[in-house]
Amino acid sequence: MRIDPLSDVLDLADARCVLTGTLLAGGGWARRFKRSNAVKFLAVVKGACWLSTEGDTAAPARFEASDVVITNGAPAVVLASASEWLSDALATPLERDAEGYLRAGEGSEFMMIGGLLEVDEKRCGFLRESLPPLIHVSGQKAEAAKLRWLLTELADETQRQRVGSTTAITHLAKLLFVEALRLHIESTKSDRSGWLVALDDRRISVALREIHAEPSHAWNLEELAKLSGMSRTSFAVRFRDVVGVPPLTYVLNWRMRLAERELSETDHSVADIAWSLGYGSESAFSNAFSRSVGVSPGRFRKEAMQTYSERRRRIDRQAIEVE
């Protein structure tokens with residue numbers, strides 16, 4: 001089975017997409033959406049508006065039907081029916097109609113779906129660090145046909161509320177997010193750097209796939225360079241330039257994220273985890289983990305279990321209050 005690093009990272013972060021609302025707008029309107037540290041996405045179902053981010057000196061962009069915007073701690077996003085209204089937009093409360101839609105202005109010529117990416121904050125570093133503050137993916141291009149189809153299906157599910165719609169909406173929203181990322185990756189110029197860019201790099205991506213496929217393998221620079229069809233020096237330089245860290249540092253970081261998941265979610269012994277990640281002894285793994293994470297594997301597991309127990313108690317208390 002072909003290993004896909006993006007899927008690996010999304011799975012590691014336990015990522016799921018949740019819709020937060022549908023906005024209907026018409027006539028003259030403007031709306032400021034305050035900055036958020038969460039990864040959010042906006043998708044235009046019909047109509048168009050103008051988009052800018054607070055403090056951005058660049059010209060505002062058209063935000064049109066089938067376009068998707070992903071934000072990752074970006075400054076406040078401002079939407080308006082006319083570009084001259086962007087500078088004066090306020091975060092005024094939106095009215096909610098009888099069907100649960102949020103409304104701005106008069107009419108419904110514009111329709112937008114909003115959502116966020118729920119992740120395990122302790123294991124989403126690979127993803128969050130690789131996402132730029134704002135991604136604007138055009139849905140008008142020929143290669144965006146799948147994006148347009150997914151958005152059409154998602155909008156249909158949110159409006160019709162058929163049997164199983166909750167599950168369908170969750171999966172469609174995640175597929176929409178992934179497809180938007182794909183289009184962003186494929187359209188990013190080769191002189192850009194970052195983990196997402198590396199996924200589409202013809203040579204570096206080969207090494208990334210192999211590292212994710214066999215994290216327990218005793219990778220060395222020469223072997224990874226050979227897989228990528230490059231000399232050791234050229235590969236090491238290009239990998240660091242594109243990914244942001246040296247190749248063997250990346251191997252170590254990925255192993256540690258996998259170890260954190262094992263320690264948090266399983267009762268596997270530290271020795272078994274060490275062996276599964278390619279360490280010859282428990283002590284070698286424990287030393288590497290402590291240097292990388294800052295605490296011993298045993299301490300990390302204890303703290304993770306305490307966090308889980310506290311979360312369960314909160315959920316149980318909320319359930320009692322509801323009853």
# chains A, B, ... in the order shown; residues from 1 in each chain; ligands from 1

call {"tool": "residues_around", "arguments": {"residues": "Met112 (chain A)", "least_positions_apart": "3", "cutoff": "8 Å", "atoms": "only C-alpha atoms", "output": "PyMOL selection string"}}
result
chain A and resi 22-24+42-46

call {"tool": "write_last_selection", "arguments": {"atoms": "N, CA and C atoms", "output": "mmCIF file, in the first residue's frame"}}
result
data_model
loop_
_atom_site.group_PDB
_atom_site.id
_atom_site.type_symbol
_atom_site.label_atom_id
_atom_site.label_comp_id
_atom_site.auth_asym_id
_atom_site.auth_seq_id
_atom_site.Cartn_x
_atom_site.Cartn_y
_atom_site.Cartn_z
ATOM 1 N N THR A 22 -23.807 28.323 8.218
ATOM 2 C CA THR A 22 -24.015 28.740 6.831
ATOM 3 C C THR A 22 -24.453 30.197 6.829
ATOM 4 N N LEU A 23 -23.767 30.998 6.029
ATOM 5 C CA LEU A 23 -24.075 32.423 5.938
ATOM 6 C C LEU A 23 -24.806 32.724 4.641
ATOM 7 N N LEU A 24 -25.932 33.425 4.761
ATOM 8 C CA LEU A 24 -26.666 33.946 3.613
ATOM 9 C C LEU A 24 -26.586 35.468 3.659
ATOM 10 N N LEU A 42 -13.597 28.489 4.821
ATOM 11 C CA LEU A 42 -14.790 29.135 4.293
ATOM 12 C C LEU A 42 -14.932 28.698 2.846
ATOM 13 N N ALA A 43 -16.146 28.351 2.432
ATOM 14 C CA ALA A 43 -16.381 27.882 1.063
ATOM 15 C C ALA A 43 -17.631 28.560 0.516
ATOM 16 N N VAL A 44 -17.504 29.180 -0.658
ATOM 17 C CA VAL A 44 -18.633 29.892 -1.259
ATOM 18 C C VAL A 44 -19.469 28.923 -2.090
ATOM 19 N N VAL A 45 -20.735 28.801 -1.724
ATOM 20 C CA VAL A 45 -21.660 27.927 -2.453
ATOM 21 C C VAL A 45 -22.229 28.639 -3.672
ATOM 22 N N LYS A 46 -22.604 29.903 -3.514
ATOM 23 C CA LYS A 46 -23.121 30.683 -4.644
ATOM 24 C C LYS A 46 -22.847 32.156 -4.413
#

call {"tool": "residues_around", "arguments": {"residues": "Asn37 (chain A)", "least_positions_apart": "3", "cutoff": "9 Å", "atoms": "only C-alpha atoms", "output": "list in words"}}
result
Lys40, Thr71, Asn72, Gly73 and Ala74 of chain A

call {"tool": "residues_around", "arguments": {"residues": "region 216-225 of chain A", "least_positions_apart": "4", "cutoff": "7 Å", "atoms": "only C-alpha atoms", "output": "PyMOL selection string"}}
result
chain A and resi 207+229-232+235+276-278

call {"tool": "select_by_dssp", "arguments": {"residues": "region 100-130 of chain A", "states": "helix (DSSP H, G or I)", "output": "PyMOL selection string"}}
result
chain A and resi 125-130

call {"tool": "write_last_selection", "arguments": {"atoms": "N, CA and C atoms", "output": "CSV table (one decimal), in the first residue's frame"}}
result
chain,number,residue,atom,x,y,z
A,125,GLY,N,1.4,19.5,15.4
A,125,GLY,CA,2.5,20.4,15.0
A,125,GLY,C,2.9,20.3,13.6
A,126,PHE,N,3.0,19.1,13.0
A,126,PHE,CA,3.4,18.9,11.6
A,126,PHE,C,2.5,19.7,10.7
A,127,LEU,N,1.2,19.6,11.0
A,127,LEU,CA,0.2,20.2,10.1
A,127,LEU,C,0.1,21.7,10.3
A,128,ARG,N,0.0,22.2,11.6
A,128,ARG,CA,-0.1,23.6,11.8
A,128,ARG,C,1.1,24.4,11.4
A,129,GLU,N,2.3,23.8,11.6
A,129,GLU,CA,3.5,24.5,11.2
A,129,GLU,C,3.7,24.6,9.7
A,130,SER,N,3.0,23.7,8.9
A,130,SER,CA,3.2,23.7,7.5
A,130,SER,C,2.2,24.5,6.8

call {"tool": "residues_around", "arguments": {"residues": "region 133-137 of chain A", "least_positions_apart": "5", "cutoff": "10 Å", "atoms": "only C-alpha atoms", "output": "NGL selection string"}}
result
:A and (37 or 39-43 or 51 or 53 or 61 or 63 or 66-75 or 77 or 128 or 144 or 147 or 179-184 or 187)

call {"tool": "closest_residue", "arguments": {"among": "A:Ser7, A:Gln159, A:Ser138, A:Ser269", "to": "Glu64 (chain A)", "atoms": "only C-alpha atoms"}}
result
A:Ser138

call {"tool": "residues_around", "arguments": {"residues": "Glu84 (chain A)", "least_positions_apart": "5", "cutoff": "12 Å", "atoms": "only C-alpha atoms", "output": "PDB file with N, CA, C and O atoms, in the first residue's frame"}}
result
ATOM      1  N   GLY A  28     -26.360  45.250   0.218  1.00  0.00           N
ATOM      2  CA  GLY A  28     -25.086  45.787   0.681  1.00  0.00           C
ATOM      3  C   GLY A  28     -24.765  45.259   2.069  1.00  0.00           C
ATOM      4  O   GLY A  28     -25.563  45.398   2.999  1.00  0.00           O
ATOM      5  N   TRP A  29     -23.621  44.621   2.232  1.00  0.00           N
ATOM      6  CA  TRP A  29     -23.272  44.045   3.527  1.00  0.00           C
ATOM      7  C   TRP A  29     -21.760  43.953   3.691  1.00  0.00           C
ATOM      8  O   TRP A  29     -21.007  43.948   2.718  1.00  0.00           O
ATOM      9  N   ALA A  30     -21.322  43.847   4.927  1.00  0.00           N
ATOM     10  CA  ALA A  30     -19.909  43.659   5.252  1.00  0.00           C
ATOM     11  C   ALA A  30     -19.833  42.943   6.596  1.00  0.00           C
ATOM     12  O   ALA A  30     -20.686  43.135   7.471  1.00  0.00           O
ATOM     13  N   CYS A  49     -18.186  37.775  -3.302  1.00  0.00           N
ATOM     14  CA  CYS A  49     -17.981  38.966  -2.480  1.00  0.00           C
ATOM     15  C   CYS A  49     -16.512  39.348  -2.587  1.00  0.00           C
ATOM     16  O   CYS A  49     -15.758  38.775  -3.372  1.00  0.00           O
ATOM     17  N   TRP A  50     -16.108  40.334  -1.788  1.00  0.00           N
ATOM     18  CA  TRP A  50     -14.711  40.737  -1.722  1.00  0.00           C
ATOM     19  C   TRP A  50     -14.125  40.263  -0.402  1.00  0.00           C
ATOM     20  O   TRP A  50     -14.823  40.211   0.613  1.00  0.00           O
ATOM     21  N   LEU A  51     -12.847  39.931  -0.411  1.00  0.00           N
ATOM     22  CA  LEU A  51     -12.176  39.377   0.756  1.00  0.00           C
ATOM     23  C   LEU A  51     -10.848  40.072   0.990  1.00  0.00           C
ATOM     24  O   LEU A  51     -10.090  40.334   0.049  1.00  0.00           O
ATOM     25  N   SER A  52     -10.573  40.358   2.249  1.00  0.00           N
ATOM     26  CA  SER A  52      -9.252  40.859   2.638  1.00  0.00           C
ATOM     27  C   SER A  52      -8.982  40.423   4.068  1.00  0.00           C
ATOM     28  O   SER A  52      -9.881  39.943   4.762  1.00  0.00           O
ATOM     29  N   ALA A  59      -4.225  44.352  -2.569  1.00  0.00           N
ATOM     30  CA  ALA A  59      -5.568  44.605  -3.079  1.00  0.00           C
ATOM     31  C   ALA A  59      -6.507  43.482  -2.647  1.00  0.00           C
ATOM     32  O   ALA A  59      -6.100  42.321  -2.576  1.00  0.00           O
ATOM     33  N   PRO A  60      -7.760  43.811  -2.332  1.00  0.00           N
ATOM     34  CA  PRO A  60      -8.709  42.760  -1.942  1.00  0.00           C
ATOM     35  C   PRO A  60      -8.927  41.775  -3.082  1.00  0.00           C
ATOM     36  O   PRO A  60      -8.741  42.105  -4.262  1.00  0.00           O
ATOM     37  N   VAL A  78     -12.088  39.758   6.488  1.00  0.00           N
ATOM     38  CA  VAL A  78     -13.188  40.682   6.244  1.00  0.00           C
ATOM     39  C   VAL A  78     -13.818  40.351   4.894  1.00  0.00           C
ATOM     40  O   VAL A  78     -13.116  40.205   3.887  1.00  0.00           O
ATOM     41  N   LEU A  79     -15.133  40.209   4.891  1.00  0.00           N
ATOM     42  CA  LEU A  79     -15.892  39.959   3.671  1.00  0.00           C
ATOM     43  C   LEU A  79     -16.875  41.104   3.468  1.00  0.00           C
ATOM     44  O   LEU A  79     -17.444  41.622   4.435  1.00  0.00           O
ATOM     45  N   ALA A  89     -15.789  47.473   7.799  1.00  0.00           N
ATOM     46  CA  ALA A  89     -16.606  46.346   8.268  1.00  0.00           C
ATOM     47  C   ALA A  89     -16.434  46.146   9.767  1.00  0.00           C
ATOM     48  O   ALA A  89     -15.332  46.259  10.305  1.00  0.00           O
TER      49      ALA A  89
END

call {"tool": "atom_distance", "arguments": {"atom1": "CA of Val243 (chain A)", "atom2": "CA of Leu6 (chain A)"}}
result
13.5 Å

call {"tool": "closest_residue", "arguments": {"among": "A:Pro246, A:Pro297, A:Gly164, A:Pro132", "to": "Leu196 (chain A)", "atoms": "only C-alpha atoms"}}
result
A:Pro132

call {"tool": "select_by_dssp", "arguments": {"residues": "region 73-270 of chain A", "states": "strand (DSSP E)", "output": "PyMOL selection string"}}
result
chain A and resi 77-80+95-96+102-105+110-118+134-137

call {"tool": "residues_around", "arguments": {"residues": "region 8-21 of chain A", "least_positions_apart": "3", "cutoff": "8 Å", "atoms": "only C-alpha atoms", "output": "number ranges by chain"}}
result
A: 3-5, 101-102, 113-124, 126-127, 169-171, 173-174, 177, 212, 257-258, 261
